[in-house]
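Asks: If it helps, the file is called work-v3.cif and holds mmCIF, C-alpha atoms:
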```
data_structure
loop_
_atom_site.label_atom_id
_atom_site.label_comp_id
_atom_site.auth_asym_id
_atom_site.auth_seq_id
_atom_site.Cartn_x
_atom_site.Cartn_y
_atom_site.Cartn_z
CA MET T 1 54.93 -50.46 60.50
CA PRO T 2 52.68 -51.87 63.24
CA VAL T 3 50.08 -54.33 62.04
CA GLN T 4 47.19 -52.14 63.30
CA LEU T 5 48.23 -49.36 60.95
CA LYS T 6 48.56 -51.74 58.02
CA ARG T 7 44.97 -52.86 58.57
CA LEU T 8 43.79 -49.27 58.58
CA ILE T 9 45.28 -48.54 55.15
CA PRO T 10 42.55 -50.27 53.05
CA ILE T 11 39.86 -48.57 55.13
CA PHE T 12 41.46 -45.22 54.43
CA ILE T 13 41.62 -45.99 50.73
CA VAL T 14 37.91 -46.87 50.70
CA PHE T 15 37.02 -43.59 52.49
CA ILE T 16 39.11 -41.52 50.12
CA ALA T 17 37.53 -43.27 47.11
CA ILE T 18 34.02 -42.58 48.46
CA PHE T 19 35.00 -38.95 49.06
CA LEU T 20 36.28 -38.56 45.51
CA ILE T 21 33.13 -40.11 44.02
CA ILE T 22 30.82 -37.84 46.05
CA ARG T 23 32.98 -34.85 45.21
CA HIS T 24 32.73 -35.68 41.51
CA PHE T 25 28.94 -35.50 41.63
CA LEU T 26 28.74 -32.45 43.91
CA ILE T 27 31.01 -30.14 41.93
CA PRO T 28 29.00 -28.53 39.15
CA GLU T 29 29.94 -28.56 35.52
CA SER T 30 32.50 -25.93 34.47
CA PHE T 31 33.56 -25.22 38.05
CA GLY T 32 37.22 -24.26 38.16
CA GLU T 33 37.59 -23.62 34.45
CA TYR T 34 38.90 -20.10 35.02
CA GLY T 35 39.04 -20.00 38.81
CA HIS T 36 37.20 -21.01 41.96
CA TYR T 37 33.73 -20.54 40.42
CA ARG T 38 31.32 -21.92 37.84
CA ALA T 39 32.56 -20.62 34.47
CA ASN T 40 29.05 -21.00 32.97
CA THR T 41 27.85 -18.16 35.21
CA ILE T 42 29.53 -15.74 32.82
CA GLU T 43 27.37 -16.94 29.92
CA GLU T 44 24.26 -17.02 32.10
CA THR T 45 24.80 -13.44 33.25
CA ALA T 46 25.38 -12.33 29.68
CA SER T 47 22.08 -13.90 28.59
CA GLN T 48 19.94 -11.66 30.82
CA GLU T 49 17.25 -9.88 28.82
CA MET T 50 17.78 -6.22 28.00
CA VAL T 51 15.27 -3.52 28.84
CA HIS T 52 16.98 -0.42 27.51
CA ALA T 53 17.64 0.13 23.83
CA SER T 54 20.38 2.52 22.83
CA ARG T 55 20.62 5.83 21.05
CA GLU T 56 21.83 4.01 17.93
CA THR T 57 18.76 1.74 17.97
CA CYS T 58 16.48 4.81 17.95
CA TYR T 59 18.32 6.45 15.07
CA ASP T 60 17.93 3.37 12.87
CA CYS T 61 14.39 4.63 12.27
CA HIS T 62 14.36 8.21 13.56
CA ASP T 63 17.33 9.58 11.63
CA ASP T 64 15.28 12.71 10.85
CA ILE T 65 15.19 13.51 14.58
CA GLN T 66 18.90 12.80 14.93
CA ALA T 67 19.64 15.47 12.30
CA VAL T 68 17.65 18.00 14.33
CA VAL T 69 18.78 17.07 17.86
CA ASP T 70 22.46 16.83 17.07
CA ASN T 71 22.44 20.43 15.84
CA ASP T 72 20.84 21.70 19.03
CA LEU T 73 21.55 22.09 22.74
CA HIS T 74 20.58 18.51 23.60
CA ALA T 75 23.07 17.11 21.07
CA GLY T 76 24.59 13.81 22.11
CA LEU T 77 21.96 12.97 24.70
CA SER T 78 20.45 9.51 24.65
CA CYS T 79 16.81 9.44 23.54
CA LEU T 80 16.15 7.02 26.41
CA ILE T 81 16.57 9.75 29.01
CA CYS T 82 13.23 11.37 28.14
CA HIS T 83 11.56 8.56 26.17
CA GLY T 84 12.11 5.68 28.60
CA PRO T 85 13.86 2.31 28.11
CA GLY T 86 12.33 1.87 24.66
CA LEU T 87 13.45 -1.62 23.70
CA LYS T 88 9.80 -2.78 23.53
CA HIS T 89 9.13 0.15 21.22
CA ALA T 90 12.09 -0.76 19.02
CA GLU T 91 10.79 -4.31 18.65
CA ASP T 92 7.16 -3.29 18.12
CA PRO T 93 6.98 0.42 17.26
CA SER T 94 3.79 1.98 18.57
CA PRO T 95 3.03 5.30 20.30
CA GLU T 96 1.67 3.21 23.20
CA ASN T 97 4.99 1.80 24.36
CA ILE T 98 7.16 4.90 24.36
CA LEU T 99 7.26 7.69 26.93
CA LYS T 100 7.22 11.43 26.23
CA GLN T 101 8.31 13.15 29.41
CA GLY T 102 8.46 16.92 29.58
CA GLY T 103 6.83 18.01 32.83
CA ARG T 104 8.32 20.47 35.29
CA GLU T 105 9.43 17.77 37.69
CA PHE T 106 11.01 15.65 34.99
CA CYS T 107 12.95 18.46 33.28
CA GLY T 108 13.81 19.75 36.75
CA ARG T 109 15.84 16.60 37.42
CA CYS T 110 18.55 18.24 35.33
CA HIS T 111 17.48 21.87 35.03
CA HIS T 112 16.12 22.79 38.47
CA ILE T 113 18.47 25.19 40.20
CA ASN T 114 20.86 23.47 42.62
CA ALA T 115 24.19 24.73 43.93
CA ALA T 116 25.74 21.32 43.25
CA ARG T 117 24.99 21.52 39.51
CA PRO T 118 27.96 23.04 37.72
CA ALA T 119 26.64 26.13 35.93
CA GLU T 120 29.04 25.65 33.01
CA VAL T 121 27.67 22.14 32.42
CA ILE T 122 23.91 22.71 32.68
CA SER T 123 21.56 25.69 32.34
CA GLN T 124 19.22 25.96 35.29
CA VAL T 125 15.98 27.67 36.24
CA ASP T 126 13.83 27.58 39.35
CA ILE T 127 11.08 25.26 38.14
CA SER T 128 8.73 26.44 40.89
CA THR T 129 8.70 30.05 39.57
CA HIS T 130 9.79 29.85 35.91
CA ASN T 131 6.79 30.91 33.72
CA ILE T 132 4.27 29.27 36.03
CA GLU T 133 1.37 30.26 33.76
CA PHE T 134 2.33 27.12 31.81
CA ASN T 135 2.11 23.64 33.29
CA GLU T 136 4.65 21.61 31.38
CA CYS T 137 8.03 22.66 30.01
CA ILE T 138 7.26 21.11 26.63
CA GLU T 139 4.37 23.54 26.14
CA CYS T 140 7.02 26.13 25.19
CA HIS T 141 10.29 24.23 24.72
CA ASN T 142 10.67 21.48 22.17
CA PRO T 143 13.45 19.36 23.69
CA HIS T 144 14.66 18.49 20.20
CA GLU T 145 15.04 22.20 19.32
CA VAL T 146 15.04 23.98 22.65
CA TRP T 147 14.62 27.63 21.57
CA LEU T 148 12.48 27.03 18.48
CA GLY T 149 9.71 29.64 18.33
CA ILE T 150 10.66 31.29 21.64
CA GLU T 151 11.93 34.85 21.85
CA MET L 1 78.58 -40.54 73.65
CA VAL L 2 76.70 -37.43 74.56
CA ARG L 3 78.26 -35.54 71.67
CA ASN L 4 77.26 -38.30 69.22
CA ARG L 5 73.62 -38.26 70.26
CA ILE L 6 73.36 -34.54 69.71
CA ASN L 7 74.84 -34.85 66.23
CA ASN L 8 72.35 -37.60 65.39
CA THR L 9 69.46 -35.39 66.36
CA ARG L 10 70.77 -32.53 64.31
CA ARG L 11 71.13 -34.76 61.24
CA ARG L 12 67.58 -36.05 61.65
CA PHE L 13 66.30 -32.51 62.03
CA LEU L 14 68.07 -31.33 58.89
CA LYS L 15 66.72 -34.32 56.95
CA LYS L 16 63.17 -33.51 58.06
CA VAL L 17 63.56 -29.85 57.09
CA ALA L 18 64.88 -30.86 53.65
CA ALA L 19 61.96 -33.29 53.16
CA ALA L 20 59.36 -30.71 54.23
CA THR L 21 60.86 -28.05 51.96
CA GLY L 22 60.85 -30.46 49.03
CA ALA L 23 57.26 -31.51 49.70
CA ILE L 24 56.04 -27.91 49.86
CA ALA L 25 57.96 -26.98 46.70
CA ILE L 26 56.52 -29.91 44.75
CA SER L 27 52.95 -29.57 46.02
CA SER L 28 52.83 -25.83 45.30
CA SER L 29 53.69 -26.47 41.67
CA ILE L 30 50.72 -28.82 41.25
CA GLU L 31 48.04 -27.25 39.00
CA PRO L 32 44.87 -27.44 41.22
CA PHE L 33 46.41 -25.09 43.77
CA GLU L 34 46.14 -22.25 41.30
CA MET L 35 42.37 -22.49 41.73
CA LEU L 36 42.79 -21.08 45.21
CA LEU L 37 44.12 -17.76 43.90
CA TYR L 38 41.19 -15.35 43.77
CA ALA L 39 42.72 -12.30 42.14
CA THR L 40 42.21 -12.28 38.39
CA ASP L 41 45.15 -11.21 36.32
CA ARG L 42 44.76 -8.47 33.78
CA PRO L 43 44.81 -10.16 30.38
CA THR L 44 47.93 -9.55 28.33
CA ASP L 45 46.64 -10.97 25.04
CA GLY L 46 44.75 -7.79 24.20
CA SER L 47 41.35 -9.03 25.37
CA PRO L 48 39.33 -6.45 27.28
CA TRP L 49 39.81 -5.41 30.91
CA TRP L 50 36.84 -3.26 31.78
CA GLY L 51 36.88 -0.16 33.92
CA VAL L 52 34.74 2.89 34.68
CA GLY L 53 35.47 6.59 34.74
CA ILE L 54 33.30 9.11 36.61
CA ASP L 55 33.82 12.84 36.22
CA ILE L 56 32.39 14.49 39.33
CA SER L 57 32.80 17.93 37.77
CA LYS L 58 30.31 16.92 35.07
CA CYS L 59 27.67 15.19 37.24
CA ILE L 60 24.47 17.21 37.53
CA GLY L 61 22.72 14.81 39.91
CA CYS L 62 19.75 14.00 37.68
CA GLY L 63 19.74 10.44 39.02
CA MET L 64 18.90 8.93 35.62
CA CYS L 65 21.71 6.39 36.14
CA ALA L 66 20.19 5.06 39.36
CA LYS L 67 16.71 5.02 37.80
CA SER L 68 17.70 3.24 34.60
CA CYS L 69 19.79 0.70 36.53
CA LYS L 70 16.77 -0.37 38.55
CA GLU L 71 14.67 -0.72 35.40
CA GLU L 72 17.32 -2.56 33.41
CA ASN L 73 18.25 -5.03 36.13
CA HIS L 74 14.89 -5.37 37.93
CA VAL L 75 16.39 -4.19 41.20
CA PRO L 76 13.59 -4.07 43.79
CA SER L 77 12.44 -0.47 44.22
CA GLU L 78 11.74 -0.98 47.92
CA PRO L 79 13.32 -1.53 50.36
CA PHE L 80 16.06 0.81 49.28
CA TYR L 81 18.66 -1.34 47.58
CA PHE L 82 20.80 0.03 44.78
CA ARG L 83 23.37 -1.22 42.32
CA THR L 84 24.24 2.40 41.60
CA TRP L 85 23.20 5.59 43.37
CA VAL L 86 24.11 9.26 43.61
CA GLU L 87 25.19 11.10 46.76
CA GLN L 88 25.17 14.85 47.28
CA TYR L 89 28.05 16.14 49.39
CA THR L 90 27.61 19.57 50.94
CA VAL L 91 30.46 21.24 52.79
CA LEU L 92 29.07 24.01 54.99
CA ASN L 93 30.86 27.26 55.78
CA ASP L 94 31.69 25.94 59.26
CA GLY L 95 33.39 22.88 57.70
CA GLU L 96 30.65 20.37 58.51
CA VAL L 97 29.99 17.85 55.73
CA HIS L 98 26.44 16.77 54.87
CA VAL L 99 25.93 13.67 52.75
CA GLU L 100 22.50 12.89 51.40
CA SER L 101 21.09 10.45 48.91
CA PRO L 102 17.27 10.55 48.98
CA ASN L 103 16.11 7.27 47.43
CA GLY L 104 19.56 6.94 45.87
CA GLY L 105 18.87 10.03 43.79
CA ILE L 106 16.28 8.19 41.68
CA ASP L 107 13.68 10.92 42.15
CA GLY L 108 16.24 13.70 41.66
CA PHE L 109 17.66 16.09 44.24
CA GLU L 110 16.25 19.08 46.10
CA GLN L 111 18.81 21.42 47.60
CA SER L 112 18.32 21.02 51.36
CA VAL L 113 20.73 23.71 52.56
CA PRO L 114 20.33 27.40 51.60
CA ASP L 115 22.98 28.83 49.27
CA GLU L 116 24.48 31.23 51.83
CA GLU L 117 25.46 28.37 54.21
CA ILE L 118 27.21 26.34 51.53
CA PHE L 119 30.95 26.46 51.04
CA LYS L 120 30.83 23.91 48.25
CA THR L 121 28.58 21.10 47.11
CA PHE L 122 28.80 18.39 44.47
CA PHE L 123 27.30 15.07 43.38
CA VAL L 124 29.13 11.75 43.56
CA PRO L 125 27.69 8.82 41.63
CA LYS L 126 28.62 5.50 43.22
CA MET L 127 28.69 1.99 41.85
CA CYS L 128 30.75 -1.19 42.03
CA SER L 129 34.47 -0.57 41.42
CA HIS L 130 34.92 -4.01 39.84
CA CYS L 131 38.12 -4.33 41.83
CA ALA L 132 40.92 -6.50 40.49
CA LYS L 133 41.75 -7.65 44.01
CA SER L 134 38.18 -7.51 45.26
CA PRO L 135 37.68 -8.17 48.99
CA CYS L 136 34.11 -9.33 48.31
CA THR L 137 35.08 -12.22 46.05
CA GLN L 138 37.91 -13.33 48.32
CA VAL L 139 35.65 -13.91 51.31
CA CYS L 140 33.02 -16.00 49.52
CA PRO L 141 33.02 -19.40 51.26
CA VAL L 142 31.47 -21.30 48.32
CA GLY L 143 32.95 -19.74 45.18
CA ALA L 144 29.71 -18.04 44.16
CA THR L 145 31.26 -14.69 43.35
CA PHE L 146 34.32 -13.97 41.31
CA GLU L 147 36.14 -11.60 39.04
CA SER L 148 35.56 -12.65 35.43
CA PRO L 149 38.53 -12.91 33.04
CA ASP L 150 37.58 -9.51 31.56
CA GLY L 151 37.56 -7.85 34.97
CA VAL L 152 33.90 -7.75 36.00
CA ALA L 153 32.89 -8.87 39.50
CA LEU L 154 29.89 -11.18 39.11
CA VAL L 155 27.66 -13.31 41.35
CA ASP L 156 26.52 -16.87 40.61
CA GLU L 157 22.90 -16.71 41.75
CA THR L 158 22.47 -20.48 41.62
CA TYR L 159 25.48 -21.09 43.86
CA CYS L 160 25.22 -18.26 46.40
CA ILE L 161 24.08 -19.37 49.85
CA GLY L 162 23.14 -15.85 50.95
CA CYS L 163 25.54 -15.69 53.90
CA ALA L 164 26.12 -11.96 53.22
CA TYR L 165 29.79 -12.16 54.09
CA CYS L 166 30.58 -10.37 50.81
CA VAL L 167 28.09 -7.63 51.70
CA GLN L 168 30.19 -6.93 54.79
CA ALA L 169 33.48 -7.28 52.96
CA CYS L 170 32.81 -4.69 50.24
CA PRO L 171 34.38 -1.46 51.47
CA TYR L 172 32.19 0.57 49.11
CA GLY L 173 28.78 -0.78 50.18
CA CYS L 174 27.99 -2.00 46.69
CA ARG L 175 26.34 -5.31 47.56
CA TYR L 176 23.05 -6.27 49.17
CA ILE L 177 21.01 -9.40 49.73
CA HIS L 178 18.20 -9.51 47.18
CA PRO L 179 14.98 -9.51 49.22
CA GLU L 180 13.20 -12.04 46.96
CA LYS L 181 16.01 -14.23 45.66
CA LYS L 182 17.84 -14.21 49.04
CA VAL L 183 21.20 -14.16 47.32
CA ALA L 184 23.89 -11.50 47.02
CA ASP L 185 23.20 -8.99 44.27
CA LYS L 186 25.34 -6.27 42.78
CA CYS L 187 26.24 -4.28 39.69
CA THR L 188 27.09 -6.62 36.80
CA PHE L 189 28.50 -3.80 34.62
CA CYS L 190 25.33 -4.61 32.63
CA TYR L 191 27.25 -7.65 31.43
CA HIS L 192 24.36 -8.66 29.16
CA ARG L 193 24.60 -5.29 27.37
CA LEU L 194 28.38 -5.15 27.38
CA LYS L 195 28.58 -8.54 25.66
CA ASN L 196 26.19 -7.26 22.97
CA GLY L 197 28.37 -4.22 22.34
CA MET L 198 26.01 -1.82 24.12
CA ALA L 199 26.77 0.61 26.91
CA PRO L 200 25.64 -0.23 30.46
CA ALA L 201 22.22 1.35 31.12
CA CYS L 202 23.60 3.99 33.52
CA MET L 203 26.16 5.16 30.98
CA GLU L 204 23.65 5.14 28.11
CA VAL L 205 21.34 7.57 29.90
CA CYS L 206 23.97 9.84 31.47
CA PRO L 207 23.19 13.20 29.83
CA THR L 208 26.56 14.88 30.51
CA LYS L 209 28.80 11.84 29.87
CA ALA L 210 29.92 12.12 33.47
CA ARG L 211 30.07 8.32 33.45
CA ILE L 212 32.11 6.53 30.89
CA TYR L 213 33.38 2.99 30.58
CA GLY L 214 36.06 1.38 28.52
CA ASP L 215 38.70 -1.23 27.98
CA LEU L 216 41.86 -0.45 29.97
CA ASN L 217 43.84 -2.61 27.55
CA ASP L 218 42.85 -0.49 24.57
CA GLN L 219 44.94 2.67 24.35
CA GLU L 220 42.31 4.22 22.06
CA SER L 221 39.38 3.64 24.43
CA GLU L 222 37.45 6.53 25.91
CA LEU L 223 38.45 5.45 29.42
CA VAL L 224 42.19 5.37 28.74
CA GLN L 225 41.92 8.84 27.21
CA PHE L 226 40.00 9.98 30.32
CA LEU L 227 42.74 8.63 32.59
CA LYS L 228 45.43 10.37 30.56
CA ASP L 229 43.59 13.69 30.61
CA HIS L 230 42.65 13.87 34.28
CA SER L 231 44.28 13.50 37.67
CA TRP L 232 42.04 10.68 38.77
CA GLN L 233 41.67 8.86 42.09
CA VAL L 234 39.91 5.70 43.25
CA LEU L 235 37.90 5.42 46.47
CA LYS L 236 39.81 4.15 49.54
CA PRO L 237 43.13 3.64 47.73
CA HIS L 238 44.79 2.61 51.01
CA MET L 239 42.74 -0.61 50.96
CA ASN L 240 44.56 -1.82 47.85
CA THR L 241 41.42 -3.27 46.31
CA GLY L 242 42.61 -2.72 42.77
CA ALA L 243 39.47 -0.65 42.13
CA LYS L 244 38.78 0.08 38.48
CA LEU L 245 36.33 2.93 39.09
CA TYR L 246 38.33 6.11 38.49
CA TYR L 247 37.02 9.48 39.68
CA ASN L 248 38.02 12.87 38.40
CA ALA L 249 37.68 15.80 40.84
CA LEU L 250 37.18 13.51 43.83
CA GLY L 251 37.13 15.55 47.04
CA ALA L 252 38.79 14.32 50.22
CA GLU L 253 35.36 14.43 51.90
CA VAL L 254 34.15 11.51 49.79
CA ARG L 255 34.25 8.14 51.51
#
```
Would you put the structure from the file into structure tokens?
Replies:
Amino acid sequence: MPVQLKRLIPIFIVFIAIFLIIRHFLIPESFGEYGHYRANTIEETASQEMVHASRETCYDCHDDIQAVVDNDLHAGLSCLICHGPGLKHAEDPSPENILKQGGREFCGRCHHINAARPAEVISQVDISTHNIEFNECIECHNPHEVWLGIE
Amino acid sequence: MVRNRINNTRRRFLKKVAAATGAIAISSSIEPFEMLLYATDRPTDGSPWWGVGIDISKCIGCGMCAKSCKEENHVPSEPFYFRTWVEQYTVLNDGEVHVESPNGGIDGFEQSVPDEEIFKTFFVPKMCSHCAKSPCTQVCPVGATFESPDGVALVDETYCIGCAYCVQACPYGCRYIHPEKKVADKCTFCYHRLKNGMAPACMEVCPTKARIYGDLNDQESELVQFLKDHSWQVLKPHMNTGAKLYYNALGAEVR
């Protein structure tokens, strides 16, 4: 080996050592544990705060409503659809922090007539003409017992 | 003499080839190289491997999924970025296909074409396919996005440099650059809910159970039952993304 190359070897070793030291400090903790990423991200993503409760959360307290709803047309639907995310309400129950939606536009999201809505899946009306002497759907229909008191 | 020299060269060449082959064989067996493989293997130890099923024949286009997703994950309401959204496909009598998704379906749908012009029309909810061989995670230059061991494509917000290469790479348009955080953002399968044993927000509020999720490794899961019962299809199967979002009744018009 030529003497010039031999002299270069220690310099190379020093550079590689510096590179390894810098690399050690630049690569974050848990990087590469499962793959080419920071494994801690998984835990961090899982620790995001929830906004929505779940149907089961609601029925911990409102089991009386569950008995009614699950024997009616809206059986199986999540309470959150009409009542909003509701986790705040579950933590601190108060009529202030829960929604009660039942207007024409809201019910129309599912029930307004649209050719793309499969008729066998959802009953539909034209919300712009259906009994327009009333403002809101919930004036006549109780979403928990849809046909209660209606002929 | 001439003959000898040629033989010498050939011997040297063969030696070099043998050395190179040996070096490649040894170096490829060294552990750190496995880090460079981006595809995540489906677990075989019985731990979950999450997937989604969407039944187009059940979707009524209420848009509650898109709405609840924005609320659950604090997705900016404007400009119009979505982690999940609903499209209405309308095939007209003359064969023309209309696709519309007003505000991602969050405010519901109004039928824009009169009944007599429509041959058929249906809603298609869209979201991340959580692909097993995801193009988006493969292109990330810094290792900020990845497929988790349970099969969920996630983004490391603290590591992302916002280059948007993944936004271009996703064939399904499921990523965007968050306008405030300036990093890539996408559906997380509501990982924070999933890990607490709760359904993702979009599935929780789906009134017709058109969206379901489940563990593909669990033969009893709702999703595996769904796949057994229906002739499902994924979007863009020719791209071999390993998509785990399975559609029932998916029309050929849907892209």
Asks: When you get a sec, could you note down which chain T residues fall within 6 Å of chain L, using only C-alpha atoms, as an MDAnalysis selection string?
Replies: chainID T and resid 35:37 41 46:48 51 77:78 81 109:110 114 116:117
Asks: What is the distance between atom CA of Cys137 of chain T and atom CA of His111 of chain T, in Å to one decimal?
Replies: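 Straight-line distance from atom CA of Cys137 of chain T to atom CA of His111 of chain T works out to 10.7 Å.
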Asks: Evaluate the PyMOL selection byres ((chain L and resi 172) around 10) and record the selected residues as a ChimeraX atom specification, following the chain and residue labels used in the document.
Replies: /L:126-129,167-171,173-175,235-236,255
Asks: Applied to this file, what does the PyMOL selection byres ((chain T and resi 144) around 8) return in terms of residues, put as a list of chain:residue names?
Replies: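 With the PyMOL selection byres ((chain T and resi 144) around 8) on this model, the match is T:Ile65, T:Val68, T:Val69, T:Asp72, T:His74, T:Asn142, T:Pro143, T:Glu145, T:Val146.
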Asks: Expand the PyMOL selection byres ((chain T and resi 140) around 12) into the explicit residue set it covers here, and present it as a VMD selection string.
Replies: chain T and resid 102 to 104 130 to 139 141 to 151
Asks: Please, could you write that set of residues out with C-alpha atoms as an mmCIF file, in the frame of the given file?
Replies:
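selection.cif, written as the output of this step:
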```cif
data_model
loop_
_atom_site.group_PDB
_atom_site.id
_atom_site.type_symbol
_atom_site.label_atom_id
_atom_site.label_comp_id
_atom_site.auth_asym_id
_atom_site.auth_seq_id
_atom_site.Cartn_x
_atom_site.Cartn_y
_atom_site.Cartn_z
ATOM 1 C CA GLY T 102 8.460 16.920 29.580
ATOM 2 C CA GLY T 103 6.830 18.010 32.830
ATOM 3 C CA ARG T 104 8.320 20.470 35.290
ATOM 4 C CA HIS T 130 9.790 29.850 35.910
ATOM 5 C CA ASN T 131 6.790 30.910 33.720
ATOM 6 C CA ILE T 132 4.270 29.270 36.030
ATOM 7 C CA GLU T 133 1.370 30.260 33.760
ATOM 8 C CA PHE T 134 2.330 27.120 31.810
ATOM 9 C CA ASN T 135 2.110 23.640 33.290
ATOM 10 C CA GLU T 136 4.650 21.610 31.380
ATOM 11 C CA CYS T 137 8.030 22.660 30.010
ATOM 12 C CA ILE T 138 7.260 21.110 26.630
ATOM 13 C CA GLU T 139 4.370 23.540 26.140
ATOM 14 C CA HIS T 141 10.290 24.230 24.720
ATOM 15 C CA ASN T 142 10.670 21.480 22.170
ATOM 16 C CA PRO T 143 13.450 19.360 23.690
ATOM 17 C CA HIS T 144 14.660 18.490 20.200
ATOM 18 C CA GLU T 145 15.040 22.200 19.320
ATOM 19 C CA VAL T 146 15.040 23.980 22.650
ATOM 20 C CA TRP T 147 14.620 27.630 21.570
ATOM 21 C CA LEU T 148 12.480 27.030 18.480
ATOM 22 C CA GLY T 149 9.710 29.640 18.330
ATOM 23 C CA ILE T 150 10.660 31.290 21.640
ATOM 24 C CA GLU T 151 11.930 34.850 21.850
#
```
Asks: Of the candidates T:Asp92, T:Glu105, T:Asp60, T:Glu43, which shows the shortest atom-to-atom distance to Ser128 of chain T, using all atoms listed in the file?
Replies: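 Counting all atoms listed in the file, the residue closest to Ser128 of chain T is T:Glu105.
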Asks: Measure the distance from atom CA of Ile54 of chain L to atom CA of Pro125 of chain L in Å and round it to one decimal.
Replies: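 It comes out at 7.5 Å.
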Asks: Can you tell me how far atom CA of Ser101 of chain L sits from atom CA of Trp85 of chain L, in Å to one decimal?
Replies: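 That distance, rounded to one decimal, is 7.7 Å.
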Asks: Name the residues in contact with segment 237-252 of chain L at a cut-off of 8 Å, using all atoms listed in the file, excluding same-chain residues fewer than 2 positions from it; report them as a VMD selection string.
Replies: chain L and resid 50 to 57 128 to 135 227 230 to 235 254 to 255
